[in-house]
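Next comes model_24.cif, a file with mmCIF, C-alpha atoms.
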data_structure
loop_
_atom_site.label_atom_id
_atom_site.label_comp_id
_atom_site.auth_asym_id
_atom_site.auth_seq_id
_atom_site.Cartn_x
_atom_site.Cartn_y
_atom_site.Cartn_z
CA MET I 1 -8.51 32.71 21.65
CA ILE I 2 -8.71 30.83 18.35
CA ARG I 3 -11.98 31.26 16.45
CA ALA I 4 -13.99 28.02 16.42
CA ASP I 5 -15.01 28.42 12.78
CA VAL I 6 -11.43 28.59 11.50
CA LEU I 7 -10.30 25.21 10.17
CA TYR I 8 -6.59 24.41 10.38
CA ARG I 9 -4.95 21.75 8.24
CA PRO I 10 -1.26 20.92 8.57
CA LEU I 11 0.96 20.79 5.47
CA VAL I 12 4.42 19.30 5.12
CA ASP I 13 5.93 22.78 5.24
CA GLY I 14 3.45 24.69 7.40
CA GLY I 15 -0.30 24.84 7.42
CA LEU I 16 -3.48 26.28 5.99
CA LEU I 17 -6.28 28.14 7.70
CA TYR I 18 -9.77 28.17 6.20
CA ASP I 19 -11.94 30.95 7.49
CA ALA I 20 -15.44 29.52 7.11
CA ARG I 21 -16.99 32.95 7.71
CA SER I 22 -15.22 34.73 4.85
CA GLY I 23 -14.23 31.71 2.75
CA GLN I 24 -10.65 33.01 2.82
CA ILE I 25 -7.59 30.82 3.00
CA HIS I 26 -4.41 31.76 4.83
CA HIS I 27 -1.04 30.06 4.48
CA LEU I 28 1.13 29.57 7.53
CA ASN I 29 4.85 28.95 7.25
CA GLU I 30 6.43 26.26 9.37
CA THR I 31 6.95 28.35 12.52
CA ALA I 32 3.57 30.04 12.24
CA ALA I 33 2.00 26.57 12.01
CA VAL I 34 3.83 25.53 15.21
CA ILE I 35 2.52 28.66 16.92
CA TRP I 36 -1.05 28.03 15.71
CA GLU I 37 -0.99 24.42 16.89
CA ALA I 38 0.30 25.51 20.28
CA CYS I 39 -2.45 28.13 20.54
CA ALA I 40 -5.02 25.48 19.63
CA GLU I 41 -3.76 23.38 22.52
CA GLY I 42 -4.22 26.37 24.83
CA THR I 43 -0.48 26.90 25.40
CA GLU I 44 0.48 30.28 26.86
CA THR I 45 2.71 32.66 24.88
CA PRO I 46 5.92 32.16 26.96
CA GLN I 47 5.62 28.38 26.59
CA ILE I 48 5.09 28.74 22.83
CA ALA I 49 8.35 30.73 22.66
CA LEU I 50 10.12 27.98 24.60
CA ARG I 51 8.80 25.42 22.14
CA LEU I 52 10.28 27.43 19.26
CA CYS I 53 13.60 27.71 21.13
CA ALA I 54 13.78 23.93 21.50
CA ARG I 55 12.79 23.24 17.94
CA TYR I 56 14.75 25.81 15.98
CA GLU I 57 17.76 26.56 18.21
CA VAL I 58 16.98 30.25 18.62
CA GLY I 59 17.26 32.37 21.74
CA PRO I 60 14.23 33.15 23.94
CA ASP I 61 14.20 36.82 22.92
CA VAL I 62 14.11 36.04 19.21
CA ALA I 63 11.49 33.32 19.72
CA GLY I 64 9.35 35.56 21.95
CA GLU I 65 9.45 38.37 19.39
CA HIS I 66 8.53 35.96 16.62
CA VAL I 67 5.55 34.61 18.56
CA ARG I 68 4.35 38.12 19.38
CA ARG I 69 4.55 39.26 15.75
CA THR I 70 2.84 36.15 14.44
CA LEU I 71 -0.01 36.48 16.96
CA ASP I 72 -0.37 40.14 15.99
CA GLU I 73 -0.70 39.17 12.34
CA LEU I 74 -3.24 36.46 13.12
CA THR I 75 -5.21 38.94 15.22
CA ARG I 76 -5.17 41.55 12.47
CA ALA I 77 -6.45 38.88 10.06
CA GLY I 78 -9.30 38.22 12.51
CA LEU I 79 -8.32 34.62 13.03
CA VAL I 80 -7.69 34.89 16.75
CA ALA I 81 -9.55 37.08 19.19
CA MET D 1 9.08 0.47 -25.77
CA ASN D 2 7.06 3.36 -27.07
CA ASP D 3 8.70 6.58 -25.87
CA ALA D 4 5.53 8.24 -24.63
CA ALA D 5 4.59 5.21 -22.50
CA GLY D 6 8.13 5.04 -21.10
CA ARG D 7 7.93 8.74 -20.27
CA ALA D 8 4.60 8.24 -18.53
CA LEU D 9 6.08 5.39 -16.53
CA ASP D 10 8.98 7.63 -15.52
CA LEU D 11 6.47 10.13 -14.16
CA VAL D 12 4.57 7.44 -12.24
CA ARG D 13 7.90 6.17 -10.89
CA ALA D 14 8.74 9.71 -9.80
CA GLY D 15 5.49 9.85 -7.86
CA LEU D 16 6.11 6.45 -6.30
CA HIS D 17 9.75 6.89 -5.43
CA PRO D 18 10.86 10.51 -5.15
CA GLY D 19 14.63 10.71 -5.19
CA SER D 20 14.90 7.64 -7.41
CA GLY D 21 16.37 9.71 -10.21
CA ALA D 22 13.16 9.47 -12.16
CA VAL D 23 12.33 13.03 -11.10
CA GLY D 24 15.42 14.23 -12.89
CA ALA D 25 14.52 12.27 -15.98
CA ALA D 26 11.07 13.78 -16.09
CA SER D 27 11.01 17.54 -16.50
CA TRP D 28 9.25 19.53 -13.82
CA ALA D 29 6.96 21.04 -16.44
CA GLU D 30 5.67 17.56 -17.26
CA CYS D 31 5.26 16.74 -13.58
CA ALA D 32 3.31 19.95 -13.06
CA ARG D 33 1.14 19.27 -16.09
CA GLU D 34 0.35 15.83 -14.74
CA GLY D 35 -0.55 17.30 -11.35
CA LEU D 36 2.40 15.61 -9.65
CA GLY D 37 4.38 18.72 -8.64
CA GLY D 38 2.71 19.05 -5.24
CA LEU D 39 3.24 15.39 -4.36
CA LEU D 40 6.89 15.43 -5.38
CA TYR D 41 7.44 18.59 -3.36
CA ALA D 42 5.74 17.15 -0.26
CA ARG D 43 7.67 13.88 -0.48
CA ALA D 44 10.98 15.71 -0.88
CA VAL D 45 10.23 18.05 2.04
CA GLY D 46 9.22 15.05 4.15
CA ALA D 47 12.56 13.42 3.37
CA GLY D 48 14.38 16.66 4.23
CA ALA D 49 15.77 16.86 0.71
CA TRP D 50 13.95 19.66 -1.04
CA ARG D 51 16.09 21.08 -3.88
CA GLY D 52 13.57 21.18 -6.70
CA PRO D 53 12.06 24.06 -8.65
CA ASP D 54 10.16 26.71 -6.73
CA ALA D 55 7.21 26.12 -9.06
CA TRP D 56 6.52 22.82 -7.28
CA ARG D 57 6.26 24.58 -3.92
CA VAL D 58 3.89 27.09 -5.49
CA ALA D 59 1.88 24.25 -7.09
CA HIS D 60 1.70 22.49 -3.73
CA ARG D 61 0.36 25.57 -1.96
CA ALA D 62 -2.11 26.37 -4.72
CA THR D 63 -3.42 22.80 -4.76
CA ALA D 64 -3.73 22.72 -0.98
CA ALA D 65 -5.62 26.01 -0.91
CA ARG D 66 -7.95 24.97 -3.74
CA ASN D 67 -8.67 21.58 -2.18
CA LEU D 68 -9.34 23.06 1.23
CA GLN D 69 -11.71 25.58 -0.32
CA ILE D 70 -13.54 22.84 -2.24
CA LEU D 71 -13.81 20.62 0.84
CA GLY D 72 -14.95 23.54 2.97
CA ALA D 73 -17.65 24.50 0.46
CA PHE D 74 -18.67 20.86 0.06
CA ALA D 75 -18.97 20.35 3.82
CA ALA D 76 -21.11 23.48 4.14
CA VAL D 77 -23.38 22.31 1.32
CA THR D 78 -23.75 18.71 2.51
CA ALA D 79 -24.64 19.92 6.00
CA THR D 80 -27.83 21.31 4.47
CA LEU D 81 -28.80 18.09 2.64
CA GLU D 82 -31.41 15.74 4.00
CA ALA D 83 -29.84 12.77 2.22
CA GLU D 84 -26.08 12.71 2.85
CA PRO D 85 -24.21 11.38 -0.20
CA LEU D 86 -21.09 9.25 -0.18
CA LEU D 87 -17.77 10.63 -1.40
CA LEU D 88 -16.38 8.65 -4.33
CA PRO D 89 -12.63 8.25 -4.97
CA GLY D 90 -11.06 11.49 -5.98
CA ALA D 91 -11.78 13.76 -3.05
CA ALA D 92 -12.18 10.70 -0.81
CA LEU D 93 -8.60 9.63 -1.51
CA LEU D 94 -7.01 12.86 -0.31
CA ARG D 95 -6.77 11.14 3.07
CA LEU D 96 -4.09 8.80 1.67
CA TYR D 97 -1.70 11.55 0.60
CA PRO D 98 0.88 13.31 2.80
CA ASP D 99 -1.25 16.46 2.82
CA LEU D 100 -3.86 18.47 0.93
CA GLY D 101 -1.39 19.89 -1.58
CA CYS D 102 -0.49 16.57 -3.20
CA ARG D 103 -3.45 15.73 -5.38
CA PRO D 104 -5.28 18.27 -7.52
CA MET D 105 -9.00 17.81 -8.10
CA ASP D 106 -11.54 19.67 -10.17
CA ASP D 107 -14.85 18.44 -8.87
CA VAL D 108 -16.31 16.25 -6.17
CA ASP D 109 -17.91 12.97 -7.26
CA VAL D 110 -20.58 11.68 -4.92
CA LEU D 111 -22.87 8.67 -4.81
CA ALA D 112 -26.42 9.44 -3.75
CA PRO D 113 -28.09 7.06 -1.28
CA PRO D 114 -30.07 4.41 -3.20
CA GLY D 115 -33.25 5.92 -4.62
CA GLN D 116 -32.40 9.42 -3.37
CA LYS D 117 -30.51 10.95 -6.26
CA ALA D 118 -33.34 13.37 -6.98
CA ALA D 119 -33.39 14.45 -3.33
CA VAL D 120 -29.63 15.12 -3.40
CA LEU D 121 -29.95 17.13 -6.63
CA THR D 122 -32.82 19.15 -5.16
CA GLY D 123 -30.81 19.82 -2.01
CA LEU D 124 -27.82 20.97 -4.06
CA ARG D 125 -30.07 23.30 -6.07
CA ARG D 126 -31.33 24.82 -2.83
CA ALA D 127 -27.69 25.37 -1.81
CA GLY D 128 -27.15 27.48 -4.93
CA LEU D 129 -25.68 24.93 -7.32
CA CYS D 130 -27.18 24.53 -10.75
CA ALA D 131 -26.86 22.20 -13.71
CA THR D 132 -27.28 22.52 -17.44
CA GLU D 133 -30.19 20.84 -19.19
CA ARG D 134 -27.80 18.46 -20.97
CA GLN D 135 -25.87 17.47 -17.85
CA PRO D 136 -28.43 17.43 -15.06
CA ASP D 137 -26.16 15.53 -12.65
CA LEU D 138 -23.25 17.96 -12.84
CA MET D 139 -24.06 20.68 -10.32
CA ARG D 140 -21.95 23.82 -10.34
CA ARG D 141 -21.41 26.94 -8.30
CA ALA D 142 -18.49 29.38 -8.55
CA ASP D 143 -16.56 27.62 -5.78
CA LEU D 144 -17.75 24.03 -6.18
CA THR D 145 -18.66 21.42 -8.80
CA VAL D 146 -20.42 18.26 -7.66
CA ASP D 147 -21.01 15.28 -9.96
CA VAL D 148 -23.91 13.29 -8.52
CA HIS D 149 -23.87 9.59 -9.36
CA GLY D 150 -26.77 7.22 -8.94
CA ASP D 151 -24.41 4.43 -9.98
CA PRO D 152 -20.69 4.58 -9.07
CA LEU D 153 -19.41 3.80 -12.59
CA ASN D 154 -22.28 5.52 -14.41
CA CYS D 155 -23.68 2.21 -15.61
CA ASP D 156 -27.08 3.90 -15.52
CA ARG D 157 -26.01 6.10 -18.44
CA ILE D 158 -24.67 3.26 -20.57
CA ARG D 159 -26.53 0.26 -19.25
CA ALA D 160 -24.54 -2.38 -21.14
CA ARG D 161 -21.50 -1.32 -19.09
CA ARG D 162 -22.85 -3.53 -16.34
CA ARG D 163 -21.79 -6.54 -18.38
CA ALA D 164 -18.15 -5.40 -18.26
CA GLY D 165 -18.27 -4.90 -14.50
CA TRP D 166 -20.73 -3.31 -12.15
CA LEU D 167 -20.47 -1.88 -8.68
CA ASP D 168 -24.12 -2.29 -7.82
CA PRO D 169 -25.15 0.96 -6.04
CA ALA D 170 -27.12 -0.82 -3.31
CA SER D 171 -24.28 -3.15 -2.29
CA ALA D 172 -21.70 -0.37 -2.66
CA TRP D 173 -23.84 1.77 -0.36
CA GLN D 174 -24.27 -1.07 2.10
CA GLY D 175 -20.49 -1.52 2.39
CA ARG D 176 -19.82 2.19 3.04
CA ARG D 177 -17.57 3.39 5.86
CA ARG D 178 -17.25 6.55 7.92
CA VAL D 179 -13.78 8.13 7.66
CA ASP D 180 -12.23 11.38 8.71
CA LEU D 181 -11.41 13.60 5.74
CA GLU D 182 -9.45 16.68 6.69
CA GLY D 183 -11.13 16.97 10.05
CA ARG D 184 -14.65 16.11 8.93
CA PRO D 185 -16.50 12.76 8.95
CA VAL D 186 -17.66 11.59 5.53
CA TRP D 187 -19.09 8.41 4.02
CA VAL D 188 -16.85 6.59 1.55
CA LEU D 189 -16.97 3.24 -0.26
CA SER D 190 -15.50 0.12 1.35
CA LEU D 191 -11.73 -0.20 0.81
CA GLU D 192 -12.26 -2.97 -1.75
CA ASP D 193 -14.90 -1.03 -3.69
CA GLU D 194 -12.72 2.08 -3.69
CA VAL D 195 -9.87 0.08 -5.26
CA LEU D 196 -12.16 -1.41 -7.90
CA TYR D 197 -13.76 1.94 -8.66
CA THR D 198 -10.35 3.57 -9.11
CA ALA D 199 -9.06 0.79 -11.37
CA ALA D 200 -12.20 0.72 -13.54
CA HIS D 201 -12.49 4.52 -13.71
CA ALA D 202 -8.84 4.88 -14.77
CA LEU D 203 -9.24 2.24 -17.47
CA ARG D 204 -12.48 3.75 -18.74
CA HIS D 205 -10.76 7.10 -19.12
CA SER D 206 -7.66 5.53 -20.72
CA TYR D 207 -5.41 6.48 -17.75
CA ARG D 208 -5.66 10.11 -18.85
CA ARG D 209 -4.40 11.24 -15.45
CA LEU D 210 -1.39 9.54 -13.96
CA THR D 211 -2.59 10.53 -10.49
CA TRP D 212 -5.18 7.73 -10.85
CA LEU D 213 -2.36 5.17 -10.89
CA LEU D 214 -0.86 6.81 -7.81
CA ASP D 215 -4.31 6.71 -6.18
CA LEU D 216 -4.45 3.00 -6.89
CA TYR D 217 -0.97 2.45 -5.49
CA LEU D 218 -1.77 4.27 -2.24
CA GLN D 219 -5.04 2.35 -1.85
CA LEU D 220 -3.30 -0.98 -2.37
CA ARG D 221 -0.81 -0.11 0.36
CA VAL D 222 -3.47 0.52 3.00
CA PRO D 223 -2.66 -2.14 5.66
CA GLU D 224 -6.37 -2.81 6.37
CA LEU D 225 -7.05 -3.82 2.75
CA ASP D 226 -8.12 -7.47 2.72
CA TRP D 227 -6.77 -8.93 -0.53
CA ASP D 228 -8.93 -12.06 -0.33
CA ARG D 229 -12.03 -9.89 -0.05
CA LEU D 230 -10.71 -7.71 -2.84
CA ARG D 231 -10.31 -10.76 -5.08
CA SER D 232 -13.81 -12.08 -4.32
CA ARG D 233 -15.38 -8.63 -4.69
CA ALA D 234 -13.55 -8.15 -8.02
CA GLU D 235 -14.94 -11.48 -9.22
CA VAL D 236 -18.48 -10.74 -8.03
CA THR D 237 -18.50 -7.32 -9.67
CA GLY D 238 -16.71 -8.49 -12.83
CA LEU D 239 -13.89 -6.00 -12.31
CA VAL D 240 -10.90 -8.33 -12.20
CA ALA D 241 -9.48 -7.15 -15.54
CA PRO D 242 -9.31 -3.41 -14.71
CA LEU D 243 -7.49 -4.29 -11.50
CA ASP D 244 -5.13 -6.61 -13.37
CA TYR D 245 -4.31 -3.79 -15.76
CA GLY D 246 -3.73 -1.25 -12.99
CA LEU D 247 -1.43 -3.67 -11.17
CA TRP D 248 0.42 -4.36 -14.40
CA TYR D 249 1.19 -0.66 -14.84
CA LEU D 250 2.26 -0.29 -11.22
CA ASP D 251 4.51 -3.32 -11.52
CA GLY D 252 5.99 -1.81 -14.67
CA ALA D 253 6.73 1.37 -12.72
CA GLY D 254 8.48 -0.66 -10.00
CA ALA D 255 5.84 -0.01 -7.34
CA ALA D 256 6.58 -1.48 -3.91
CA LEU D 257 3.36 -3.49 -3.65
CA PRO D 258 2.50 -5.50 -0.54
CA ALA D 259 3.22 -9.26 -0.70
CA ALA D 260 -0.39 -10.06 -1.66
CA GLY D 261 -0.16 -7.54 -4.49
CA ARG D 262 3.09 -9.04 -5.75
CA ALA D 263 1.49 -12.48 -5.64
CA TRP D 264 -1.50 -11.15 -7.60
CA VAL D 265 0.83 -9.73 -10.26
CA ALA D 266 2.82 -12.98 -10.42
CA ARG D 267 -0.39 -15.00 -10.95
CA THR D 268 -1.65 -12.69 -13.69
CA ARG D 269 -0.47 -13.33 -17.20
CA LEU D 270 -1.82 -10.69 -19.53
CA PRO D 271 -2.00 -11.76 -23.17
CA VAL D 272 0.78 -10.03 -25.12
CA PRO D 273 -1.66 -8.14 -27.41
CA THR D 274 -3.46 -6.77 -24.33
CA ALA D 275 -0.16 -5.71 -22.80
CA ARG D 276 0.86 -4.00 -26.03
CA VAL D 277 -2.43 -2.14 -26.21
CA LEU D 278 -2.11 -1.10 -22.56
CA ALA D 279 1.39 0.26 -23.20
CA TRP D 280 0.06 2.14 -26.19
CA VAL D 281 -2.89 3.51 -24.23
CA LEU D 282 -0.59 4.92 -21.55
CA GLY D 283 1.50 6.66 -24.16
CA ASN D 284 -1.55 8.13 -25.87
CA ARG D 285 -3.66 8.74 -22.79
CA ALA D 286 -4.31 12.39 -23.60
CA THR D 287 -6.24 11.66 -26.76
CA THR D 288 -7.28 8.02 -26.92
CA CYS D 289 -10.54 6.36 -25.89
CA VAL D 290 -9.14 2.87 -26.38
CA GLY D 291 -9.32 2.35 -22.60
CA GLU D 292 -13.13 2.34 -22.77
CA VAL D 293 -12.98 -0.05 -25.73
CA LEU D 294 -10.61 -2.30 -23.80
CA TRP D 295 -13.05 -2.30 -20.90
CA CYS D 296 -15.83 -3.30 -23.31
CA LEU D 297 -13.68 -6.22 -24.41
CA THR D 298 -13.46 -7.54 -20.84
CA CYS D 299 -17.11 -8.68 -21.05
CA PRO D 300 -17.04 -12.47 -20.72
CA LEU D 301 -19.52 -13.07 -23.57
CA ARG D 302 -18.97 -11.96 -27.15
CA ARG D 303 -22.55 -10.75 -27.58
CA ASP D 304 -22.16 -8.57 -24.46
CA ARG D 305 -18.96 -7.09 -25.86
CA LEU D 306 -20.74 -6.20 -29.08
CA ARG D 307 -23.74 -4.83 -27.21
CA LEU D 308 -21.52 -2.62 -25.03
CA LEU D 309 -19.42 -1.42 -27.95
CA ALA D 310 -22.62 -0.58 -29.81
CA GLU D 311 -24.10 1.32 -26.85
CA PHE D 312 -20.78 3.10 -26.20
CA ALA D 313 -20.66 4.23 -29.82
CA PHE D 314 -24.38 5.01 -30.05
CA PRO D 315 -25.75 5.75 -26.58
CA ARG D 316 -29.32 6.76 -25.85
CA THR D 317 -30.34 10.21 -27.01
CA ASP D 318 -29.86 12.21 -23.80
CA VAL D 319 -26.33 10.83 -23.39
CA LEU D 320 -25.52 11.43 -27.06
CA LEU D 321 -26.64 15.04 -26.77
CA GLN D 322 -23.97 15.52 -24.09
CA VAL D 323 -21.39 14.58 -26.75
CA PHE D 324 -22.78 17.25 -29.08
CA PRO D 325 -23.78 20.07 -26.72
CA GLY D 326 -24.37 22.51 -29.57
CA LEU D 327 -26.88 20.28 -31.31
CA PRO D 328 -30.53 21.31 -30.71
CA ARG D 329 -32.61 18.60 -29.05
CA ARG D 330 -35.09 18.52 -31.95
CA LEU D 331 -32.21 17.50 -34.23
CA ALA D 332 -31.15 14.62 -32.00
CA CYS D 333 -31.45 12.16 -34.92
CA LEU D 334 -28.72 14.13 -36.65
CA GLY D 335 -26.57 13.37 -33.61
CA TYR D 336 -26.44 9.73 -34.64
CA VAL D 337 -25.26 10.68 -38.12
CA LEU D 338 -22.58 12.91 -36.61
CA ARG D 339 -21.67 10.12 -34.23
CA CYS D 340 -21.21 7.72 -37.16
CA GLY D 341 -18.73 10.14 -38.71
CA GLN D 342 -17.01 10.68 -35.37
CA VAL D 343 -16.66 6.93 -34.74
CA LEU D 344 -15.31 6.32 -38.24
CA VAL D 345 -12.77 9.15 -38.11
CA ARG D 346 -11.71 8.40 -34.55
CA GLY D 347 -11.52 4.68 -35.23
CA ALA D 348 -9.36 5.24 -38.31
CA VAL D 349 -7.03 7.61 -36.45
CA GLU D 350 -6.67 5.31 -33.45
CA LEU D 351 -6.22 2.17 -35.51
CA GLY D 352 -3.64 3.91 -37.67
CA ALA D 353 -1.73 5.08 -34.61
CA LEU D 354 -1.95 1.62 -33.04
CA TRP D 355 -0.65 0.06 -36.24
CA ARG D 356 2.27 2.48 -36.49
CA ARG D 357 3.32 2.49 -32.85
CA ALA D 358 2.23 -0.78 -31.28
CA GLY D 359 4.97 -0.41 -28.68
CA GLY D 360 5.47 -2.43 -25.55
CA GLY D 361 8.64 -4.40 -26.35
CA GLU D 362 10.83 -4.83 -23.31
CA TRP D 363 8.18 -3.56 -20.92
CA VAL D 364 5.73 -6.22 -22.06
CA ALA D 365 8.44 -8.81 -21.51
CA ARG D 366 8.63 -8.02 -17.79
#
Before anything else, please render the file you have as structure tokens.
Amino acid sequence: MIRADVLYRPLVDGGLLYDARSGQIHHLNETAAVIWEACAEGTETPQIALRLCARYEVGPDVAGEHVRRTLDELTRAGLVA
Amino acid sequence: MNDAAGRALDLVRAGLHPGSGAVGAASWAECAREGLGGLLYARAVGAGAWRGPDAWRVAHRATAARNLQILGAFAAVTATLEAEPLLLPGAALLRLYPDLGCRPMDDVDVLAPPGQKAAVLTGLRRAGLCATERQPDLMRRADLTVDVHGDPLNCDRIRARRRAGWLDPASAWQGRRRVDLEGRPVWVLSLEDEVLYTAAHALRHSYRRLTWLLDLYLQLRVPELDWDRLRSRAEVTGLVAPLDYGLWYLDGAGAALPAAGRAWVARTRLPVPTARVLAWVLGNRATTCVGEVLWCLTCPLRRDRLRLLAEFAFPRTDVLLQVFPGLPRRLACLGYVLRCGQVLVRGAVELGALWRRAGGGEWVAR
């Protein structure tokens, strides 16, 4: 799902993605970084939402919507297939 | 104490101990100018106490993005080289910081494998980097600048520097280690050599960047650092004095050094004139070159000190032409005349400033 040539580096408040193909850099906020890390581990979308629920005290619907939107954005940016 | 040195110490203290109040004393604009904004932001976020200016967050992100881009470009370039160089402190020390946004860097300094500097330069040229005629070791491309060293402290450019302290390239290369830098394996110097390089480099450049003192602090706190080996390596390489000076600054900034570091500081008694000059250098770090002169004066023999001072003031022609990039090569002799004037004017200005503001007072008394 995640492109192999995209390098992720965590930051204290999120993360950075370096797209080796285009040379572009993308900033991830804290929750987007959690989602990216979970994707990198091969976690399925419902489990990612549960992780957000546990970490940020939000309901499953809100977390699920957030995960879906973030994955859409990452897909549009060509960072995940 | 001279105000500028005290201010600089406040900034170092802010980098060492965020939340100590020193951040408030030092304006954020100064922190940003010194390249400390990203580090202060990261430390405050890590402590769950971020209430600083938004500009620090922006600086942190910009630094992180720039560093990742540089490292990405560097990794792509080195993958094409037949002779893999070693990463010198600077980029190599990013691994000691909380994340990539904490330490700005402009270029990547590398040490070529012994006898293979030409091969590294050729490889970099093939990868699209190019140098100017005057600075053949400084290879540039739009997204990357690589400074290729054949000698860690550039003692090949000013040969008499070896008498003030020399990290011999062959032994430095032999002691190299493989470390992970932002997800990629790279060669770096041994821990002890990295410390000595950082201390000597900072002194040579008159502590122009306060991040070099923070680099030194983070290196000295690495648990694997063997202080006995550091002491013996410093003695073998003749780099005890630069390390003494670096530790003196860190002690002045209230750095929480490990026990061996505190013992080192307690054993070291810097002569009062040296301490006064060091305090002055820190306060005038943006403009002075007294750090290099001070390094010259650490040569054990008087004739070596004079030889190094002479070569520093009047280096060989190709090095001198780097000082006067606009001077045509055929007029190189004129370079020495210009250099005479430069040395006289600079010497008079620096001596005058030293005379007027030989600060240090209470700080020296620590």
Since I can't run it myself right now, could you work out what the PyMOL selection byres ((chain I) within 10 of (chain D)) selects here and report it as a ChimeraX atom specification? /I:7-20,23-27
Would you mind telling me which residue in I:Val58, I:Met1, I:Thr75, I:Gly64 lies nearest to Ala40 in chain I when using all atoms listed in the file? I:Met1
To one decimal in Å, tell me the separation between CA of Arg125 in chain D and CA of Pro89 in chain D. 23.1 Å
Val343 in chain D surroundings by all atoms listed in the file, 9 Å radius, close-in-sequence under 5 positions cut, as a short mmCIF file (atom, residue, chain, number, x, y, z; two decimals) with C-alpha atoms, in the frame of the given file:
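So the final result, stored in out_23.cif, reads:
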data_model
loop_
_atom_site.label_atom_id
_atom_site.label_comp_id
_atom_site.auth_asym_id
_atom_site.auth_seq_id
_atom_site.Cartn_x
_atom_site.Cartn_y
_atom_site.Cartn_z
CA ALA D 313 -20.66 4.23 -29.82
CA LEU D 338 -22.58 12.91 -36.61
CA ALA D 348 -9.36 5.24 -38.31
#
Residues returned when the PyMOL selection byres ((chain D and resi 205-218) around 9) runs on this file, as a PyMOL selection string: chain D and resi 8-9+11-12+15-16+34-36+89-90+93-94+96-97+103-104+194-196+198-204+219-222+246-247+249-250+255-257+278+281-282+284-292+294
Have a look at CA of Leu167 in chain D and CA of Asp109 in chain D and let me know their distance in Å, one decimal.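 Computing the Euclidean distance for CA of Leu167 in chain D and CA of Asp109 in chain D yields 15.1 Å.
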